[in-house]
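Next comes target16.cif, with mmCIF, C-alpha atoms.
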```
data_query
#
loop_
_atom_site.label_atom_id
_atom_site.label_comp_id
_atom_site.auth_asym_id
_atom_site.auth_seq_id
_atom_site.Cartn_x
_atom_site.Cartn_y
_atom_site.Cartn_z
CA MET A 1 -185.85 194.82 48.57
CA ARG A 2 -189.41 193.78 47.97
CA ILE A 3 -191.70 190.84 48.61
CA LYS A 4 -192.73 188.74 45.63
CA LEU A 5 -195.33 185.98 45.34
CA GLU A 6 -194.06 183.11 43.24
CA LYS A 7 -196.58 180.54 42.02
CA ARG A 8 -195.95 176.99 43.18
CA ALA A 9 -195.75 174.23 40.59
CA ALA A 10 -198.39 172.24 42.49
CA PRO A 11 -200.16 173.15 45.76
CA SER A 12 -199.51 170.78 48.64
CA ARG A 13 -202.50 168.50 49.21
CA LEU A 14 -201.66 168.33 52.91
CA MET A 15 -201.74 172.12 53.18
CA VAL A 16 -205.06 172.26 51.32
CA VAL A 17 -206.53 170.05 54.05
CA LEU A 18 -204.76 171.63 57.02
CA THR A 19 -205.32 175.31 56.24
CA PRO A 20 -209.11 175.26 56.96
CA ILE A 21 -208.35 173.65 60.33
CA ALA A 22 -205.66 176.25 60.98
CA SER A 23 -208.13 178.99 60.03
CA VAL A 24 -210.58 177.84 62.70
CA LEU A 25 -207.83 177.58 65.33
CA LEU A 26 -206.49 181.04 64.47
CA THR A 27 -210.02 182.43 64.70
CA MET A 28 -210.39 180.95 68.17
CA LEU A 29 -207.01 182.32 69.28
CA LEU A 30 -207.72 185.80 67.92
CA GLY A 31 -211.16 185.68 69.55
CA VAL A 32 -209.58 185.07 72.97
CA ILE A 33 -207.25 188.05 72.47
CA ILE A 34 -210.01 190.38 71.27
CA PHE A 35 -212.42 189.49 74.07
CA ASP A 36 -209.71 189.86 76.71
CA ALA A 37 -208.90 193.30 75.30
CA MET A 38 -212.61 194.19 75.64
CA GLY A 39 -212.60 193.18 79.31
CA ILE A 40 -214.50 189.93 78.66
CA ASP A 41 -213.28 186.48 79.69
CA GLY A 42 -211.93 185.51 76.27
CA PHE A 43 -211.30 181.85 77.04
CA ARG A 44 -214.82 181.40 78.44
CA ALA A 45 -216.37 183.20 75.47
CA VAL A 46 -214.53 181.11 72.87
CA GLN A 47 -215.30 177.96 74.84
CA ASP A 48 -219.01 178.79 74.83
CA ILE A 49 -218.99 179.63 71.12
CA PHE A 50 -217.05 176.62 69.82
CA LEU A 51 -217.36 173.87 72.43
CA THR A 52 -220.60 174.24 74.39
CA PRO A 53 -222.89 173.59 71.35
CA ILE A 54 -221.32 170.17 70.78
CA LEU A 55 -220.78 169.20 74.44
CA ALA A 56 -224.27 170.14 75.64
CA THR A 57 -226.78 167.56 74.39
CA TYR A 58 -229.65 170.02 74.44
CA LYS A 59 -227.82 172.24 71.94
CA ILE A 60 -227.00 169.55 69.37
CA GLN A 61 -230.50 169.79 67.90
CA ASP A 62 -230.00 173.51 67.30
CA VAL A 63 -226.65 172.85 65.61
CA LEU A 64 -228.17 170.25 63.28
CA VAL A 65 -231.11 172.47 62.36
CA LYS A 66 -228.77 175.42 61.64
CA ALA A 67 -226.28 173.28 59.74
CA ALA A 68 -228.81 171.70 57.36
CA PRO A 69 -229.62 174.78 55.22
CA LEU A 70 -225.99 175.94 55.28
CA ILE A 71 -224.78 172.59 53.95
CA ILE A 72 -227.44 172.30 51.26
CA ILE A 73 -226.95 175.85 49.94
CA ALA A 74 -223.15 175.61 50.07
CA LEU A 75 -223.20 172.37 48.08
CA GLY A 76 -225.02 174.13 45.26
CA LEU A 77 -222.72 177.16 45.41
CA SER A 78 -219.59 174.99 45.37
CA VAL A 79 -220.65 173.48 42.04
CA GLY A 80 -220.90 176.92 40.47
CA ASN A 81 -217.64 178.09 42.02
CA ARG A 82 -215.82 175.10 40.57
CA ALA A 83 -217.02 176.33 37.16
CA ASN A 84 -216.09 179.97 37.91
CA VAL A 85 -219.79 180.86 38.05
CA TRP A 86 -220.35 183.08 41.08
CA ASN A 87 -223.87 182.85 42.44
CA ILE A 88 -224.08 185.45 45.24
CA GLY A 89 -227.88 185.49 45.31
CA ALA A 90 -228.55 182.23 47.12
CA GLU A 91 -230.34 184.13 49.88
CA GLY A 92 -232.95 185.32 47.39
CA GLN A 93 -233.29 181.84 45.89
CA TYR A 94 -233.71 180.45 49.41
CA ILE A 95 -236.55 182.92 50.05
CA ILE A 96 -238.31 182.30 46.73
CA GLY A 97 -237.97 178.53 47.18
CA ALA A 98 -239.73 178.76 50.55
CA LEU A 99 -242.44 181.01 49.10
CA ALA A 100 -243.01 178.64 46.18
CA GLY A 101 -243.35 175.73 48.62
CA ALA A 102 -245.73 177.74 50.79
CA GLY A 103 -247.84 178.59 47.73
CA ALA A 104 -248.06 174.91 46.79
CA ALA A 105 -249.06 174.02 50.36
CA MET A 106 -251.80 176.68 50.31
CA ALA A 107 -253.14 175.24 47.07
CA PHE A 108 -253.70 171.92 48.86
CA GLY A 109 -255.47 173.59 51.79
CA GLN A 110 -255.56 171.24 54.76
CA THR A 111 -254.78 168.18 52.62
CA GLY A 112 -251.54 166.47 53.60
CA GLY A 113 -249.62 163.27 53.11
CA PHE A 114 -246.52 162.00 51.35
CA PHE A 115 -247.60 163.13 47.87
CA VAL A 116 -248.37 166.66 49.09
CA ILE A 117 -244.99 166.99 50.82
CA ILE A 118 -243.21 165.84 47.66
CA VAL A 119 -245.10 168.42 45.57
CA VAL A 120 -244.33 171.18 48.10
CA ILE A 121 -240.61 170.32 48.08
CA ALA A 122 -240.55 170.10 44.27
CA ALA A 123 -242.19 173.53 44.10
CA GLY A 124 -239.50 174.92 46.40
CA ILE A 125 -236.71 173.53 44.23
CA ALA A 126 -238.39 174.88 41.09
CA GLY A 127 -238.79 178.31 42.69
CA GLY A 128 -235.10 178.52 43.56
CA MET A 129 -234.10 177.36 40.08
CA ALA A 130 -236.40 179.91 38.44
CA TRP A 131 -234.87 182.74 40.50
CA ALA A 132 -231.36 181.58 39.52
CA ALA A 133 -232.31 181.25 35.85
CA ALA A 134 -232.50 185.03 35.39
CA PRO A 135 -228.79 185.69 36.14
CA ALA A 136 -227.82 182.71 33.97
CA PHE A 137 -229.86 184.08 31.06
CA LEU A 138 -228.47 187.59 31.50
CA ARG A 139 -224.88 186.34 31.54
CA ASN A 140 -225.24 184.09 28.51
CA ARG A 141 -227.33 186.47 26.43
CA TYR A 142 -225.97 189.90 27.35
CA GLY A 143 -222.75 189.20 29.26
CA VAL A 144 -224.13 190.62 32.51
CA ASN A 145 -222.00 189.74 35.52
CA GLU A 146 -223.89 187.10 37.51
CA ILE A 147 -222.42 188.41 40.79
CA LEU A 148 -224.32 191.66 40.44
CA SER A 149 -227.52 190.31 38.93
CA SER A 150 -227.92 187.45 41.42
CA LEU A 151 -227.18 189.74 44.37
CA MET A 152 -229.66 192.40 43.19
CA LEU A 153 -232.37 189.78 42.79
CA THR A 154 -231.96 188.96 46.49
CA TYR A 155 -233.40 192.37 47.35
CA VAL A 156 -236.21 191.83 44.87
CA ALA A 157 -236.98 188.55 46.65
CA LEU A 158 -237.16 190.41 49.97
CA GLN A 159 -239.74 192.77 48.50
CA VAL A 160 -241.76 189.84 47.11
CA LEU A 161 -241.67 188.24 50.57
CA SER A 162 -242.80 191.45 52.26
CA TYR A 163 -245.65 191.96 49.78
CA LEU A 164 -247.01 188.41 49.98
CA ILE A 165 -246.94 187.92 53.76
CA GLY A 166 -248.24 191.42 54.38
CA GLY A 167 -250.93 191.18 51.71
CA PRO A 168 -252.54 188.28 49.84
CA TRP A 169 -250.87 185.49 51.84
CA LYS A 170 -251.28 187.08 55.26
CA ASP A 171 -252.75 184.74 57.86
CA PRO A 172 -256.28 186.01 58.59
CA ASN A 173 -256.06 184.44 62.03
CA GLY A 174 -252.61 185.81 62.80
CA ARG A 175 -253.77 188.80 64.89
CA ASN A 176 -252.56 191.16 62.17
CA PHE A 177 -249.02 189.74 62.37
CA PRO A 178 -247.40 189.54 58.89
CA GLN A 179 -246.90 185.85 58.24
CA THR A 180 -248.40 183.00 56.25
CA ALA A 181 -250.88 180.61 57.81
CA PRO A 182 -249.19 177.62 59.51
CA LEU A 183 -248.85 174.49 57.41
CA ALA A 184 -251.31 171.67 57.99
CA ASP A 185 -250.04 168.80 60.13
CA GLY A 186 -249.83 166.53 57.08
CA GLN A 187 -247.64 169.01 55.20
CA VAL A 188 -244.67 169.07 57.58
CA LEU A 189 -241.61 166.82 57.54
CA PRO A 190 -241.41 163.84 59.89
CA VAL A 191 -239.30 164.18 63.04
CA TYR A 192 -236.81 161.55 64.20
CA GLU A 193 -234.88 161.12 67.42
CA ILE A 194 -231.48 159.56 68.07
CA ALA A 195 -229.91 159.44 71.54
CA GLY A 196 -232.50 161.90 72.78
CA VAL A 197 -231.76 164.44 70.04
CA PRO A 198 -234.80 165.21 67.84
CA PHE A 199 -234.35 166.45 64.26
CA HIS A 200 -236.53 166.74 61.17
CA PHE A 201 -236.07 164.95 57.85
CA GLY A 202 -234.34 168.00 56.33
CA VAL A 203 -231.31 167.21 58.48
CA VAL A 204 -231.20 163.72 56.99
CA VAL A 205 -231.29 165.23 53.49
CA ALA A 206 -228.41 167.56 54.39
CA LEU A 207 -226.32 164.60 55.59
CA ILE A 208 -226.99 162.52 52.45
CA LEU A 209 -226.60 165.21 49.78
CA PRO A 210 -222.81 165.73 50.22
CA PHE A 211 -222.20 162.14 49.13
CA LEU A 212 -224.50 162.55 46.12
CA PHE A 213 -222.70 165.77 45.16
CA TRP A 214 -219.35 164.01 45.61
CA PHE A 215 -220.45 161.34 43.13
CA LEU A 216 -221.74 164.04 40.76
CA MET A 217 -218.49 166.02 40.78
CA SER A 218 -216.03 163.12 40.92
CA ARG A 219 -217.63 160.27 39.03
CA SER A 220 -219.89 161.78 36.36
CA VAL A 221 -219.36 163.41 32.98
CA LEU A 222 -221.33 166.45 34.17
CA GLY A 223 -218.97 166.95 37.09
CA PHE A 224 -215.97 166.56 34.80
CA GLN A 225 -217.44 169.16 32.44
CA ILE A 226 -217.95 171.63 35.30
CA ARG A 227 -214.40 171.14 36.58
CA VAL A 228 -212.81 171.46 33.14
CA VAL A 229 -214.77 174.58 32.19
CA GLY A 230 -213.76 176.19 35.48
CA SER A 231 -210.06 175.29 35.39
CA ALA A 232 -209.27 175.24 31.66
CA PRO A 233 -211.88 177.02 29.48
CA HIS A 234 -209.83 176.68 26.28
CA ALA A 235 -209.38 172.94 26.78
CA ALA A 236 -213.10 172.67 27.53
CA ARG A 237 -213.97 174.24 24.18
CA HIS A 238 -211.67 171.81 22.36
CA GLY A 239 -213.28 168.98 24.32
CA GLY A 240 -216.75 169.99 23.14
CA PHE A 241 -217.95 171.34 26.48
CA SER A 242 -220.16 174.41 26.22
CA GLN A 243 -219.43 177.24 28.63
CA ARG A 244 -222.96 178.59 28.19
CA GLN A 245 -224.45 175.23 29.09
CA THR A 246 -222.19 175.03 32.13
CA VAL A 247 -223.38 178.45 33.30
CA TRP A 248 -226.98 177.28 33.04
CA LEU A 249 -226.26 174.02 34.86
CA SER A 250 -224.26 175.68 37.63
CA MET A 251 -226.81 178.40 38.30
CA LEU A 252 -229.76 176.01 38.21
CA ILE A 253 -228.06 173.54 40.56
CA GLY A 254 -227.17 176.36 42.95
CA GLY A 255 -230.65 177.86 42.79
CA GLY A 256 -232.31 174.47 43.19
CA ALA A 257 -230.21 173.69 46.25
CA ALA A 258 -231.02 177.08 47.82
CA GLY A 259 -234.73 176.60 47.06
CA LEU A 260 -234.58 173.12 48.59
CA ALA A 261 -232.98 174.54 51.75
CA GLY A 262 -235.72 177.17 51.96
CA VAL A 263 -238.62 174.77 51.58
CA LEU A 264 -237.07 172.28 54.02
CA GLU A 265 -236.70 175.10 56.54
CA LEU A 266 -240.37 175.91 56.04
CA THR A 267 -241.70 172.35 56.27
CA GLY A 268 -239.19 171.17 58.87
CA SER A 269 -238.58 173.94 61.38
CA LEU A 270 -240.75 177.03 61.01
CA LYS A 271 -244.09 175.79 59.58
CA ALA A 272 -244.82 179.38 58.42
CA ILE A 273 -243.03 182.31 56.78
CA ASN A 274 -242.70 185.69 58.47
CA LEU A 275 -240.46 188.74 58.10
CA GLY A 276 -237.73 186.99 60.07
CA PHE A 277 -237.45 184.14 57.56
CA PRO A 278 -234.44 185.64 55.69
CA SER A 279 -231.71 184.62 58.13
CA GLY A 280 -228.56 185.15 56.06
CA TYR A 281 -228.04 181.46 55.32
CA GLY A 282 -227.46 182.23 51.63
CA PHE A 283 -224.59 184.59 52.42
CA THR A 284 -223.08 182.47 55.20
CA ALA A 285 -223.11 179.47 52.85
CA ILE A 286 -220.50 181.26 50.74
CA ILE A 287 -218.14 181.04 53.72
CA VAL A 288 -219.11 177.38 54.19
CA ALA A 289 -218.29 176.59 50.56
CA PHE A 290 -214.81 178.11 50.77
CA LEU A 291 -214.06 176.80 54.25
CA GLY A 292 -214.95 173.34 52.90
CA ARG A 293 -212.60 173.86 49.93
CA LEU A 294 -215.53 173.46 47.50
CA HIS A 295 -215.46 169.74 48.28
CA PRO A 296 -218.80 168.14 49.26
CA ILE A 297 -217.43 166.38 52.34
CA GLY A 298 -215.51 169.49 53.34
CA VAL A 299 -218.74 171.48 52.97
CA LEU A 300 -220.50 169.04 55.31
CA ILE A 301 -217.86 169.60 58.00
CA ALA A 302 -217.69 173.36 57.42
CA GLY A 303 -221.48 173.64 57.63
CA VAL A 304 -221.43 172.06 61.08
CA VAL A 305 -218.59 174.37 62.18
CA LEU A 306 -220.45 177.51 61.08
CA ALA A 307 -223.65 176.24 62.71
CA ILE A 308 -221.71 175.80 65.93
CA THR A 309 -220.65 179.47 65.81
CA TYR A 310 -224.30 180.48 65.31
CA VAL A 311 -225.53 178.50 68.30
CA GLY A 312 -222.44 179.19 70.40
CA GLY A 313 -222.80 182.91 69.80
CA GLN A 314 -226.29 182.75 71.28
CA VAL A 315 -224.99 180.81 74.29
CA ALA A 316 -222.16 183.30 74.90
CA GLN A 317 -224.63 186.19 74.80
CA THR A 318 -226.25 184.90 77.96
CA THR A 319 -223.13 183.60 79.74
CA VAL A 320 -220.52 186.33 79.16
CA HIS A 321 -222.79 188.97 77.58
CA ILE A 322 -221.00 189.35 74.24
CA PRO A 323 -222.61 191.40 71.43
CA ASN A 324 -225.25 189.86 69.19
CA SER A 325 -223.06 190.25 66.08
CA THR A 326 -220.24 188.11 67.48
CA ALA A 327 -221.08 185.04 65.38
CA GLY A 328 -220.82 187.12 62.21
CA ILE A 329 -217.43 188.47 63.33
CA PHE A 330 -216.10 184.95 63.84
CA GLN A 331 -217.43 183.85 60.46
CA ALA A 332 -215.79 186.84 58.76
CA MET A 333 -212.46 186.09 60.48
CA MET A 334 -212.60 182.47 59.34
CA LEU A 335 -213.25 183.59 55.76
CA PHE A 336 -210.35 186.03 55.96
CA PHE A 337 -207.96 183.37 57.24
CA ILE A 338 -209.06 180.79 54.68
CA LEU A 339 -208.62 183.24 51.80
CA ALA A 340 -205.25 184.37 53.13
CA SER A 341 -204.09 180.79 53.54
CA ASP A 342 -205.19 180.06 49.97
CA ILE A 343 -202.59 182.58 48.81
CA LEU A 344 -199.87 180.77 50.78
CA VAL A 345 -201.00 177.38 49.49
CA ARG A 346 -200.76 178.47 45.86
CA TYR A 347 -197.82 180.88 46.12
CA ARG A 348 -194.53 181.00 48.01
CA ILE A 349 -193.20 184.25 49.44
CA ARG A 350 -189.82 185.39 48.17
CA ILE A 351 -187.81 188.42 49.22
CA VAL A 352 -186.25 189.87 46.09
CA GLY A 353 -183.36 192.34 46.16
CA ASN A 354 -183.26 195.34 43.86
CA LYS A 355 -180.50 193.72 41.78
CA ASP A 356 -182.49 190.50 41.33
CA ALA A 357 -185.61 192.46 40.47
CA ALA A 358 -183.72 194.43 37.80
CA GLN A 359 -182.34 191.25 36.26
CA ALA A 360 -185.79 189.60 36.27
CA ALA A 361 -187.46 192.61 34.62
CA PRO A 362 -188.04 192.31 30.86
CA ALA A 363 -185.74 194.30 28.59
CA GLY A 364 -186.86 197.88 27.92
CA GLU A 365 -188.49 198.37 31.35
#
```
Give the structure from the file, written as structure tokens.
Amino acid sequence: MRIKLEKRAAPSRLMVVLTPIASVLLTMLLGVIIFDAMGIDGFRAVQDIFLTPILATYKIQDVLVKAAPLIIIALGLSVGNRANVWNIGAEGQYIIGALAGAGAAMAFGQTGGFFVIIVVIAAGIAGGMAWAAAPAFLRNRYGVNEILSSLMLTYVALQVLSYLIGGPWKDPNGRNFPQTAPLADGQVLPVYEIAGVPFHFGVVVALILPFLFWFLMSRSVLGFQIRVVGSAPHAARHGGFSQRQTVWLSMLIGGGAAGLAGVLELTGSLKAINLGFPSGYGFTAIIVAFLGRLHPIGVLIAGVVLAITYVGGQVAQTTVHIPNSTAGIFQAMMLFFILASDILVRYRIRIVGNKDAAQAAPAGE
């Protein structure tokens, strides 16, 4: 006897929605078991990681600030993934976008205002798109796998960051600390406050963009082209849709979104770039995209969930003294469960006897 995966005629829509929720619940349950086995109060640890950040008002700001870049980057990645274009280098595009925005801000000196902020943000988007254009060109021209080329460019971006903030862009008044000079007051995003929770304008952008991406993917010809090229390449060619053009569009949208996240992080939260700027958002956003089922609204929810694990992990470090890498472990478990559940959504498990397997085998085998 052996186990066989049999493809379902059509995946259940209910299961597509429920499996991400089940993945989070299974992650919480497994977390309790693991922490108890380590001699740590598992229930308290999971409570601090998943519930404290949303129940404690003073932590909601941290969740929103963490969620904003995750949502924005994941939205761009989900577009490419729908087209079977795999941009793994969003972290590098995030870094280059921030550096491009910082360079534009330096060019204006101490001049600020609405126009300057718009130019800085546009520079960040352009920087991310430029960094994503290289993998798109290499794939279309030479057939180079964009997974490898985009990922390798991330490490190039890290070297560019290190060179600039430790050399020509180093703050002369920074006491020899490698970072850029702080942005002028007129070059930072405005801050709002609702119910005592302050947040910068980048959070507003992150909450609006999912609905714009939903319209793009569901109600526009461009979104239809991306979906058709990803799901039925042969039909796309007969329909007049260019796969090469779709690769360009997908990579540029993903790179632009990552660059936007980087420059919003610079102008909204950090005000300067240092060696700690690369925070792994570009890699974590891959988990966000899949946890959100590549759907813009799902990405919005998943981004908040992953941000909660970031902030909750920091809380649990001080309350129950869990390791610093705990948030990453929870994120990896969620990705594992969501990918495993995808198999069950698309395939049914059948136990096949040796006799049935012999009858099902093609003649001559």
Starting from the displayed file, determine the output of the PyMOL selection byres ((chain A and resi 215-231) around 9) and express the residue list as a PDB file with C-alpha atoms, keeping the file's coordinate frame.
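Okay, expr-v7.pdb is ready:
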```pdb
ATOM      1  CA  VAL A  79    -220.650 173.480  42.040  1.00  0.00           C
ATOM      2  CA  GLY A  80    -220.900 176.920  40.470  1.00  0.00           C
ATOM      3  CA  ASN A  81    -217.640 178.090  42.020  1.00  0.00           C
ATOM      4  CA  ARG A  82    -215.820 175.100  40.570  1.00  0.00           C
ATOM      5  CA  ALA A  83    -217.020 176.330  37.160  1.00  0.00           C
ATOM      6  CA  ASN A  84    -216.090 179.970  37.910  1.00  0.00           C
ATOM      7  CA  VAL A  85    -219.790 180.860  38.050  1.00  0.00           C
ATOM      8  CA  PRO A 210    -222.810 165.730  50.220  1.00  0.00           C
ATOM      9  CA  PHE A 211    -222.200 162.140  49.130  1.00  0.00           C
ATOM     10  CA  LEU A 212    -224.500 162.550  46.120  1.00  0.00           C
ATOM     11  CA  PHE A 213    -222.700 165.770  45.160  1.00  0.00           C
ATOM     12  CA  TRP A 214    -219.350 164.010  45.610  1.00  0.00           C
ATOM     13  CA  ALA A 232    -209.270 175.240  31.660  1.00  0.00           C
ATOM     14  CA  PRO A 233    -211.880 177.020  29.480  1.00  0.00           C
ATOM     15  CA  HIS A 234    -209.830 176.680  26.280  1.00  0.00           C
ATOM     16  CA  ALA A 235    -209.380 172.940  26.780  1.00  0.00           C
ATOM     17  CA  ALA A 236    -213.100 172.670  27.530  1.00  0.00           C
ATOM     18  CA  ARG A 237    -213.970 174.240  24.180  1.00  0.00           C
ATOM     19  CA  PHE A 241    -217.950 171.340  26.480  1.00  0.00           C
ATOM     20  CA  SER A 242    -220.160 174.410  26.220  1.00  0.00           C
ATOM     21  CA  GLN A 243    -219.430 177.240  28.630  1.00  0.00           C
ATOM     22  CA  THR A 246    -222.190 175.030  32.130  1.00  0.00           C
ATOM     23  CA  VAL A 247    -223.380 178.450  33.300  1.00  0.00           C
ATOM     24  CA  LEU A 249    -226.260 174.020  34.860  1.00  0.00           C
ATOM     25  CA  SER A 250    -224.260 175.680  37.630  1.00  0.00           C
ATOM     26  CA  HIS A 295    -215.460 169.740  48.280  1.00  0.00           C
ATOM     27  CA  PRO A 296    -218.800 168.140  49.260  1.00  0.00           C
TER      28      PRO A 296
END
```
*asked:* My list of candidates is A:Tyr94, A:Phe108, A:Phe199, A:Trp248. Which is closest to Pro135 (chain A) when distances are computed with all atoms listed in the file?
replied: A:Trp248
*Determine the nearest neighbour of Ala126 (chain A) from the options A:Ile96, A:Ile297, A:Val345, A:Ala67, counting all atoms listed in the file.*
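With all atoms listed in the file as the atom set, the closest residue is A:Ile96.
Residue neighbourhood of region 273-288 of chain A, excluding near-sequence residues (fewer than 5 positions): Pro69, Leu70, Ile73, Ala74, Ala90, Glu91, Tyr94, Ile95, Ser162, Ile165, Pro178, Gln179, Thr180, Leu266, Val299, Ala302, Gly303 and Leu335 of chain A, at 7 Å, using all atoms listed in the file.
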*When the PyMOL selection byres ((chain A and resi 192) around 12) is applied to the file above, which residues end up in the set, as a PyMOL selection string?*
chain A and resi 61+189-191+193-204+268
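The gap separating CA of Val65 (chain A) from CA of Gly259 (chain A) is 16.3 Å, in Å to one decimal.
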*Which polymer residues have any atom within 9 Å of an atom of Ile3 (chain A), counting only C-alpha atoms, with same-chain residues fewer than 2 positions away left out, as number ranges by chain?*
A: 1, 5, 349-353
*Selection dump of the PyMOL selection byres ((chain A and resi 32-37) around 12), as a ChimeraX atom specification*: /A:25-31,38-50,316,320-323,326,329-330,333
*Could you check how far CA of Ala68 (chain A) sits from CA of Ala206 (chain A), in Å to one decimal?*
5.1 Å
*By how many Å are CA of Ile125 (chain A) and CA of Ile253 (chain A) apart?*
9.4 Å
